[in-house]
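Okay, data09.csv is below, CSV, N, CA and C atoms:
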```
chain,number,residue,atom,x,y,z
A,8,MET,N,-14.4,-7.7,4.6
A,8,MET,CA,-13.3,-7.7,5.5
A,8,MET,C,-13.5,-8.7,6.6
A,9,GLU,N,-12.5,-9.6,6.8
A,9,GLU,CA,-12.6,-10.5,7.9
A,9,GLU,C,-12.0,-10.0,9.1
A,10,VAL,N,-12.7,-10.0,10.2
A,10,VAL,CA,-12.1,-9.5,11.5
A,10,VAL,C,-12.2,-10.6,12.5
A,11,LEU,N,-11.0,-10.9,13.0
A,11,LEU,CA,-10.9,-12.0,14.0
A,11,LEU,C,-10.9,-11.5,15.4
A,12,GLU,N,-11.7,-12.0,16.3
A,12,GLU,CA,-11.8,-11.5,17.7
A,12,GLU,C,-11.0,-12.4,18.6
A,13,SER,N,-10.2,-11.8,19.5
A,13,SER,CA,-9.5,-12.5,20.5
A,13,SER,C,-10.4,-13.1,21.5
A,14,VAL,N,-10.1,-14.3,21.9
A,14,VAL,CA,-10.9,-15.0,23.0
A,14,VAL,C,-10.2,-15.0,24.3
A,15,GLU,N,-9.0,-14.6,24.4
A,15,GLU,CA,-8.2,-14.5,25.6
A,15,GLU,C,-8.5,-13.2,26.4
A,16,LYS,N,-9.6,-13.0,26.9
A,16,LYS,CA,-10.0,-11.7,27.6
A,16,LYS,C,-9.3,-11.5,28.9
A,17,SER,N,-9.0,-12.7,29.6
A,17,SER,CA,-8.4,-12.5,31.0
A,17,SER,C,-6.9,-12.5,31.1
A,18,VAL,N,-6.3,-12.7,29.9
A,18,VAL,CA,-4.8,-12.7,29.9
A,18,VAL,C,-4.3,-11.2,29.8
A,19,ALA,N,-3.3,-10.9,30.6
A,19,ALA,CA,-2.7,-9.5,30.5
A,19,ALA,C,-2.1,-9.4,29.1
A,20,ARG,N,-2.3,-8.3,28.5
A,20,ARG,CA,-1.8,-8.0,27.1
A,20,ARG,C,-0.7,-7.0,27.1
A,21,PRO,N,0.5,-7.4,26.8
A,21,PRO,CA,1.6,-6.5,26.8
A,21,PRO,C,1.4,-5.4,25.7
A,22,VAL,N,1.9,-4.2,26.0
A,22,VAL,CA,1.8,-3.1,25.1
A,22,VAL,C,2.8,-3.4,23.9
A,23,ASN,N,2.5,-2.9,22.8
A,23,ASN,CA,3.3,-3.0,21.6
A,23,ASN,C,3.4,-4.4,21.0
A,24,THR,N,2.4,-5.2,21.2
A,24,THR,CA,2.4,-6.5,20.6
A,24,THR,C,1.0,-6.7,20.0
A,25,TYR,N,0.8,-7.7,19.2
A,25,TYR,CA,-0.5,-7.9,18.5
A,25,TYR,C,-1.6,-8.3,19.6
A,26,THR,N,-1.2,-8.7,20.7
A,26,THR,CA,-2.1,-9.1,21.7
A,26,THR,C,-2.9,-8.0,22.4
A,27,GLU,N,-2.4,-6.7,22.1
A,27,GLU,CA,-3.1,-5.6,22.7
A,27,GLU,C,-4.4,-5.3,21.9
A,28,PHE,N,-4.6,-5.9,20.8
A,28,PHE,CA,-5.8,-5.7,19.9
A,28,PHE,C,-6.9,-6.7,20.2
A,29,SER,N,-8.1,-6.3,20.4
A,29,SER,CA,-9.2,-7.3,20.6
A,29,SER,C,-9.6,-7.9,19.2
A,30,LYS,N,-9.3,-7.2,18.2
A,30,LYS,CA,-9.7,-7.6,16.8
A,30,LYS,C,-8.5,-7.4,15.9
A,31,LEU,N,-8.3,-8.2,14.9
A,31,LEU,CA,-7.3,-8.0,13.9
A,31,LEU,C,-8.0,-7.9,12.5
A,32,GLY,N,-7.6,-7.0,11.7
A,32,GLY,CA,-8.2,-6.8,10.4
A,32,GLY,C,-7.4,-7.3,9.2
A,33,TRP,N,-8.1,-8.0,8.3
A,33,TRP,CA,-7.5,-8.4,7.1
A,33,TRP,C,-8.3,-7.6,6.0
A,34,MET,N,-7.6,-6.7,5.4
A,34,MET,CA,-8.3,-5.7,4.5
A,34,MET,C,-8.3,-6.3,3.1
A,35,ALA,N,-9.1,-7.3,2.9
A,35,ALA,CA,-9.3,-7.9,1.6
A,35,ALA,C,-10.6,-8.7,1.6
A,36,LYS,N,-11.1,-9.0,0.5
A,36,LYS,CA,-12.3,-9.9,0.4
A,36,LYS,C,-11.9,-11.4,0.3
A,37,LYS,N,-10.7,-11.6,-0.2
A,37,LYS,CA,-10.3,-13.0,-0.3
A,37,LYS,C,-9.6,-13.4,1.0
A,38,GLN,N,-9.5,-14.7,1.3
A,38,GLN,CA,-8.9,-15.2,2.5
A,38,GLN,C,-7.4,-14.9,2.6
A,39,ILE,N,-6.9,-15.0,3.8
A,39,ILE,CA,-5.4,-14.8,4.0
A,39,ILE,C,-4.8,-16.0,3.3
A,40,PRO,N,-3.7,-15.7,2.5
A,40,PRO,CA,-3.0,-16.8,1.8
A,40,PRO,C,-2.2,-17.7,2.7
A,41,LEU,N,-2.1,-18.9,2.4
A,41,LEU,CA,-1.3,-19.8,3.2
A,41,LEU,C,0.2,-19.5,3.0
A,42,ILE,N,1.0,-19.9,4.0
A,42,ILE,CA,2.4,-19.7,3.9
A,42,ILE,C,2.9,-20.6,2.8
A,43,GLY,N,3.7,-20.1,2.0
A,43,GLY,CA,4.2,-20.8,0.8
A,43,GLY,C,3.5,-20.4,-0.5
A,44,SER,N,2.3,-19.7,-0.3
A,44,SER,CA,1.6,-19.2,-1.5
A,44,SER,C,2.4,-18.2,-2.2
A,45,GLU,N,2.0,-18.0,-3.5
A,45,GLU,CA,2.7,-16.9,-4.3
A,45,GLU,C,1.7,-15.7,-4.4
A,46,VAL,N,2.2,-14.5,-4.3
A,46,VAL,CA,1.4,-13.3,-4.5
A,46,VAL,C,2.2,-12.4,-5.4
A,47,ASN,N,1.5,-11.5,-6.1
A,47,ASN,CA,2.2,-10.5,-7.0
A,47,ASN,C,2.2,-9.2,-6.3
A,48,VAL,N,3.3,-8.8,-5.8
A,48,VAL,CA,3.4,-7.5,-5.0
A,48,VAL,C,3.7,-6.4,-6.1
A,49,LYS,N,2.6,-5.5,-6.2
A,49,LYS,CA,2.7,-4.5,-7.2
A,49,LYS,C,3.5,-3.3,-6.8
A,50,ILE,N,3.5,-3.0,-5.4
A,50,ILE,CA,4.1,-1.8,-4.9
A,50,ILE,C,5.6,-1.9,-5.2
A,51,ASN,N,6.2,-0.8,-5.7
A,51,ASN,CA,7.6,-0.6,-6.0
A,51,ASN,C,8.1,-1.6,-6.9
A,52,GLY,N,7.3,-2.3,-7.7
A,52,GLY,CA,7.7,-3.2,-8.7
A,52,GLY,C,8.4,-4.5,-8.1
A,53,ILE,N,8.0,-4.9,-6.9
A,53,ILE,CA,8.6,-6.0,-6.3
A,53,ILE,C,8.3,-7.3,-7.0
A,54,GLY,N,7.1,-7.5,-7.5
A,54,GLY,CA,6.8,-8.7,-8.4
A,54,GLY,C,6.4,-9.9,-7.6
A,55,ARG,N,6.5,-11.1,-8.3
A,55,ARG,CA,6.1,-12.3,-7.7
A,55,ARG,C,6.9,-12.6,-6.5
A,56,SER,N,6.2,-13.1,-5.4
A,56,SER,CA,6.8,-13.3,-4.1
A,56,SER,C,6.2,-14.5,-3.4
A,57,VAL,N,6.9,-15.1,-2.5
A,57,VAL,CA,6.4,-16.2,-1.7
A,57,VAL,C,6.0,-15.7,-0.3
A,58,VAL,N,4.9,-16.1,0.2
A,58,VAL,CA,4.5,-15.7,1.6
A,58,VAL,C,5.3,-16.6,2.5
A,59,LYS,N,6.0,-15.9,3.4
A,59,LYS,CA,6.9,-16.6,4.4
A,59,LYS,C,6.2,-16.6,5.8
A,60,LYS,N,5.5,-15.5,6.2
A,60,LYS,CA,4.8,-15.5,7.4
A,60,LYS,C,3.9,-14.2,7.4
A,61,TYR,N,3.4,-13.9,8.6
A,61,TYR,CA,2.5,-12.8,8.7
A,61,TYR,C,3.0,-11.8,9.7
A,62,PHE,N,2.5,-10.6,9.7
A,62,PHE,CA,2.8,-9.6,10.7
A,62,PHE,C,1.6,-8.8,11.1
A,63,ILE,N,1.6,-8.1,12.2
A,63,ILE,CA,0.5,-7.3,12.6
A,63,ILE,C,1.1,-5.8,12.8
A,64,GLU,N,0.4,-4.9,12.2
A,64,GLU,CA,0.7,-3.5,12.4
A,64,GLU,C,-0.5,-2.7,12.6
A,65,HIS,N,-0.6,-2.1,13.8
A,65,HIS,CA,-1.8,-1.3,14.2
A,65,HIS,C,-3.1,-2.0,14.1
A,66,GLY,N,-3.0,-3.3,14.3
A,66,GLY,CA,-4.2,-4.1,14.3
A,66,GLY,C,-4.6,-4.7,13.0
A,67,PHE,N,-3.8,-4.5,11.9
A,67,PHE,CA,-4.0,-5.0,10.6
A,67,PHE,C,-3.0,-6.1,10.3
A,68,ILE,N,-3.5,-7.2,9.7
A,68,ILE,CA,-2.6,-8.3,9.3
A,68,ILE,C,-2.0,-8.0,7.9
A,69,GLY,N,-0.7,-8.2,7.9
A,69,GLY,CA,0.1,-8.1,6.6
A,69,GLY,C,0.8,-9.4,6.3
A,70,LEU,N,1.5,-9.4,5.2
A,70,LEU,CA,2.3,-10.5,4.8
A,70,LEU,C,3.8,-10.2,4.8
A,71,VAL,N,4.6,-11.2,5.2
A,71,VAL,CA,6.0,-11.1,5.1
A,71,VAL,C,6.3,-12.0,3.9
A,72,VAL,N,6.9,-11.4,2.8
A,72,VAL,CA,7.1,-12.1,1.6
A,72,VAL,C,8.6,-12.1,1.2
A,73,LYS,N,9.0,-13.0,0.4
A,73,LYS,CA,10.3,-13.1,-0.2
A,73,LYS,C,10.2,-13.0,-1.7
A,74,PRO,N,10.6,-11.9,-2.3
A,74,PRO,CA,10.5,-11.8,-3.8
A,74,PRO,C,11.3,-12.8,-4.6
A,75,HIS,N,10.8,-13.3,-5.7
A,75,HIS,CA,11.5,-14.3,-6.5
A,75,HIS,C,12.6,-13.6,-7.3
A,76,ASN,N,12.3,-12.4,-7.9
A,76,ASN,CA,13.2,-11.7,-8.7
A,76,ASN,C,13.1,-10.2,-8.5
A,77,PRO,N,13.6,-9.8,-7.3
A,77,PRO,CA,13.3,-8.4,-7.0
A,77,PRO,C,14.1,-7.4,-7.9
A,78,PRO,N,13.6,-6.2,-8.0
A,78,PRO,CA,14.3,-5.2,-8.8
A,78,PRO,C,15.7,-4.9,-8.3
A,79,THR,N,16.5,-4.4,-9.2
A,79,THR,CA,17.9,-4.1,-8.9
A,79,THR,C,18.0,-3.2,-7.7
A,80,TRP,N,17.2,-2.1,-7.7
A,80,TRP,CA,17.3,-1.2,-6.6
A,80,TRP,C,17.0,-1.9,-5.2
A,81,TYR,N,16.1,-2.9,-5.2
A,81,TYR,CA,15.7,-3.6,-4.0
A,81,TYR,C,16.9,-4.4,-3.5
A,82,ILE,N,17.6,-5.1,-4.5
A,82,ILE,CA,18.7,-5.9,-4.1
A,82,ILE,C,19.8,-5.0,-3.5
A,83,LYS,N,20.1,-3.9,-4.2
A,83,LYS,CA,21.1,-3.0,-3.7
A,83,LYS,C,20.8,-2.4,-2.3
A,84,GLN,N,19.6,-2.1,-2.1
A,84,GLN,CA,19.2,-1.5,-0.8
A,84,GLN,C,19.0,-2.6,0.3
A,85,ASN,N,18.6,-3.8,0.0
A,85,ASN,CA,18.2,-4.8,1.0
A,85,ASN,C,19.0,-6.1,0.9
A,86,GLY,N,19.5,-6.4,-0.2
A,86,GLY,CA,20.1,-7.7,-0.4
A,86,GLY,C,19.2,-8.6,-1.2
A,87,ALA,N,19.8,-9.5,-1.9
A,87,ALA,CA,19.1,-10.4,-2.9
A,87,ALA,C,18.1,-11.3,-2.1
A,88,ASP,N,18.4,-11.7,-0.9
A,88,ASP,CA,17.5,-12.6,-0.2
A,88,ASP,C,16.6,-12.0,0.8
A,89,ALA,N,16.5,-10.7,0.8
A,89,ALA,CA,15.7,-9.9,1.8
A,89,ALA,C,14.2,-10.2,1.6
A,90,ILE,N,13.6,-10.2,2.8
A,90,ILE,CA,12.1,-10.3,2.8
A,90,ILE,C,11.5,-8.9,2.8
A,91,CYS,N,10.2,-8.7,2.6
A,91,CYS,CA,9.6,-7.4,2.7
A,91,CYS,C,8.2,-7.6,3.3
A,92,HIS,N,7.7,-6.6,3.9
A,92,HIS,CA,6.4,-6.5,4.5
A,92,HIS,C,5.4,-5.8,3.6
A,93,VAL,N,4.3,-6.4,3.4
A,93,VAL,CA,3.2,-5.8,2.5
A,93,VAL,C,1.9,-6.1,3.1
A,94,PHE,N,1.0,-5.2,2.7
A,94,PHE,CA,-0.5,-5.4,3.1
A,94,PHE,C,-1.2,-5.9,1.9
A,95,PRO,N,-2.4,-6.4,2.1
A,95,PRO,CA,-3.2,-7.0,0.9
A,95,PRO,C,-3.4,-6.0,-0.2
A,96,ALA,N,-3.6,-4.7,0.1
A,96,ALA,CA,-3.9,-3.8,-1.0
A,96,ALA,C,-2.6,-3.6,-1.9
A,97,GLU,N,-1.5,-4.0,-1.5
A,97,GLU,CA,-0.2,-3.9,-2.2
A,97,GLU,C,0.0,-5.1,-3.1
A,98,CYS,N,-0.9,-6.1,-3.1
A,98,CYS,CA,-0.8,-7.3,-3.9
A,98,CYS,C,-1.9,-7.4,-4.8
A,99,LEU,N,-1.6,-7.6,-6.1
A,99,LEU,CA,-2.7,-7.6,-7.1
A,99,LEU,C,-3.8,-8.6,-6.8
A,100,GLU,N,-3.6,-9.7,-6.2
A,100,GLU,CA,-4.6,-10.7,-6.0
A,100,GLU,C,-5.6,-10.2,-4.9
A,101,PHE,N,-5.2,-9.3,-4.1
A,101,PHE,CA,-6.1,-8.9,-2.9
A,101,PHE,C,-6.6,-7.5,-3.1
A,102,GLU,N,-6.3,-6.8,-4.1
A,102,GLU,CA,-6.9,-5.5,-4.3
A,102,GLU,C,-8.4,-5.6,-4.4
A,103,VAL,N,-9.1,-4.7,-3.8
A,103,VAL,CA,-10.6,-4.6,-3.9
A,103,VAL,C,-10.9,-3.5,-4.9
A,104,ARG,N,-11.5,-3.9,-6.0
A,104,ARG,CA,-11.8,-3.0,-7.1
A,104,ARG,C,-13.3,-3.1,-7.5
A,105,HIS,N,-13.8,-2.1,-8.2
A,105,HIS,CA,-15.1,-2.1,-8.8
A,105,HIS,C,-15.0,-2.8,-10.1
A,106,GLU,N,-16.1,-3.1,-10.8
A,106,GLU,CA,-16.1,-3.8,-12.1
A,106,GLU,C,-15.3,-3.0,-13.1
A,107,ASP,N,-15.3,-1.7,-13.0
A,107,ASP,CA,-14.7,-0.8,-14.0
A,107,ASP,C,-13.2,-0.7,-13.7
A,108,GLY,N,-12.7,-1.4,-12.7
A,108,GLY,CA,-11.2,-1.4,-12.4
A,108,GLY,C,-10.8,-0.4,-11.4
A,109,SER,N,-11.7,0.5,-11.0
A,109,SER,CA,-11.3,1.6,-10.0
A,109,SER,C,-11.3,1.0,-8.6
A,110,ILE,N,-10.4,1.6,-7.8
A,110,ILE,CA,-10.3,1.1,-6.4
A,110,ILE,C,-11.6,1.3,-5.7
A,111,ASP,N,-11.9,0.4,-4.8
A,111,ASP,CA,-13.2,0.5,-4.0
A,111,ASP,C,-12.8,1.2,-2.7
A,112,SER,N,-12.8,2.5,-2.8
A,112,SER,CA,-12.4,3.3,-1.6
A,112,SER,C,-13.4,3.1,-0.5
A,113,GLU,N,-14.6,2.9,-0.8
A,113,GLU,CA,-15.6,2.7,0.3
A,113,GLU,C,-15.3,1.5,1.1
A,114,PHE,N,-14.8,0.4,0.5
A,114,PHE,CA,-14.4,-0.8,1.2
A,114,PHE,C,-13.3,-0.5,2.2
A,115,TYR,N,-12.2,0.2,1.6
A,115,TYR,CA,-11.1,0.5,2.5
A,115,TYR,C,-11.4,1.5,3.6
A,116,ASN,N,-12.1,2.5,3.3
A,116,ASN,CA,-12.5,3.5,4.3
A,116,ASN,C,-13.3,2.9,5.4
A,117,SER,N,-14.3,2.0,5.0
A,117,SER,CA,-15.1,1.4,6.1
A,117,SER,C,-14.3,0.5,7.0
A,118,GLY,N,-13.3,-0.2,6.5
A,118,GLY,CA,-12.4,-1.0,7.3
A,118,GLY,C,-11.6,-0.2,8.2
A,119,LEU,N,-11.1,0.9,7.7
A,119,LEU,CA,-10.3,1.8,8.6
A,119,LEU,C,-11.1,2.4,9.7
A,120,HIS,N,-12.3,2.8,9.3
A,120,HIS,CA,-13.2,3.5,10.3
A,120,HIS,C,-13.6,2.5,11.4
A,121,ALA,N,-13.8,1.2,11.0
A,121,ALA,CA,-14.2,0.2,12.0
A,121,ALA,C,-13.1,0.1,13.1
A,122,PHE,N,-11.8,0.2,12.7
A,122,PHE,CA,-10.7,0.1,13.6
A,122,PHE,C,-10.6,1.4,14.4
A,123,ASP,N,-10.9,2.6,13.8
A,123,ASP,CA,-10.9,3.8,14.6
A,123,ASP,C,-11.9,3.7,15.7
A,124,GLN,N,-13.1,3.2,15.5
A,124,GLN,CA,-14.1,3.0,16.5
A,124,GLN,C,-13.6,2.1,17.6
A,125,GLN,N,-12.9,1.0,17.2
A,125,GLN,CA,-12.4,0.0,18.2
A,125,GLN,C,-11.4,0.7,19.1
A,126,GLU,N,-10.6,1.6,18.6
A,126,GLU,CA,-9.6,2.3,19.5
A,126,GLU,C,-10.3,3.2,20.4
A,127,VAL,N,-11.3,3.9,20.0
A,127,VAL,CA,-12.0,4.8,20.8
A,127,VAL,C,-12.7,4.1,22.0
A,128,GLN,N,-13.2,2.9,21.7
A,128,GLN,CA,-13.9,2.1,22.8
A,128,GLN,C,-13.0,1.4,23.7
A,129,ALA,N,-11.7,1.2,23.3
A,129,ALA,CA,-10.8,0.4,24.1
A,129,ALA,C,-10.3,1.2,25.4
```
Give the structure from this file in structure tokens form.
Amino acid sequence: MEVLESVEKSVARPVNTYTEFSKLGWMAKKQIPLIGSEVNVKINGIGRSVVKKYFIEHGFIGLVVKPHNPPTWYIKQNGADAICHVFPAECLEFEVRHEDGSIDSEFYNSGLHAFDQQEVQA
């Protein structure tokens, strides 16, 4: 897991923005994809999507993506050109798994606990 540390320690940090976090977490072993990259969003059958930008939620970095060919339910609910917010674990390319294909729960739990400790110290 890559954790980026803020260097702007003297700047006032407004509440409810990403600047309130001293570290941001990317919960994957691969690097953050570039804008314009394609990812395969497995959650809810969204499918192949293009990375448009990033977002921060509770100190974790996620991807804002636009599906190429979203499912019918998605178009009906959101519109054909709607974007969606996903985290790395929801994209096939970024899932962290063991050699046997099972989810590496230890990796995900250790990342979450690292942020629990950060909140306690803040």
(Q) Rounded to one decimal, what separation in Å do you get between atom N of Lys73 of chain A and atom CA of Gly54 of chain A? (A)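 Answer for the atom N of Lys73 of chain A to atom CA of Gly54 of chain A separation: 10.0 Å.
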Q) For Pro40 of chain A, which of A:Ile110, A:Val58, A:Gly118, A:Glu97 is the closest residue, counting only N, CA and C atoms? A) A:Val58
Q.
What does the structure give for the distance between atom C of Leu31 of chain A and atom CA of Ile68 of chain A, in Å to one decimal?
A.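 Taking atom C of Leu31 of chain A as the start and atom CA of Ile68 of chain A as the end point, the length is 6.3 Å.
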Q: Counting all atoms listed in the file, select every polymer residue within 8 Å of (1.5, -3.0, -3.3) as defined in the file's coordinates, and provide the selection as a list in words.
A: Asn47, Val48, Lys49, Ile50, Asn51, Gly52, Ile53, Val93, Phe94, Pro95, Ala96, Glu97, Cys98 and Leu99 of chain A
Q.
Could you check the closest approach to Asn76 of chain A for each of A:Ala89, A:Glu102, A:Arg55, A:Tyr61 and tell me which residue wins, using only C-alpha atoms?
A. A:Arg55
Q: Rank nothing, just name the residue among A:Lys59, A:Lys30, A:Glu100, A:Ser109 nearest to Gly43 of chain A, using only N, CA and C atoms.
A: A:Lys59
(Q) Around (-5.1, -7.5, 8.5), as given in the file, which residues come within 6 Å? Count only N, CA and C atoms and list them as a PyMOL selection string. (A) chain A and resi 31-34+66-69
Q: Could you jot down the atom C of Glu45 of chain A to atom N of Phe101 of chain A separation for me, Å, one decimal place?
A: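 So the answer is 9.4 Å.
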Q: DSSP on the backbone, then: every residue of segment 28-91 of chain A marked helix (DSSP H, G or I), written as JSON, numbers by chain.
A: {"A": [50, 51, 52, 79, 80, 81, 82, 83, 84, 85]}
Q) Taking all atoms listed in the file into account, which of A:Cys91, A:Val103, A:Glu64, A:Trp80 comes nearest Lys37 of chain A? A)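 Ranked by minimum distance to Lys37 of chain A, first place goes to A:Val103.
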Q. Which residue gives the smallest distance to His92 of chain A among A:Glu113, A:Asp107, A:Val71, A:Val46, with all atoms listed in the file counted?
A.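 Among the listed residues, the smallest separation from His92 of chain A belongs to A:Val71.
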Q. Which of segment 26-121 of chain A counts as strand (DSSP E) under DSSP, as a PyMOL selection string please?
A. chain A and resi 30-33+45-48+54-64+67-74+91-93
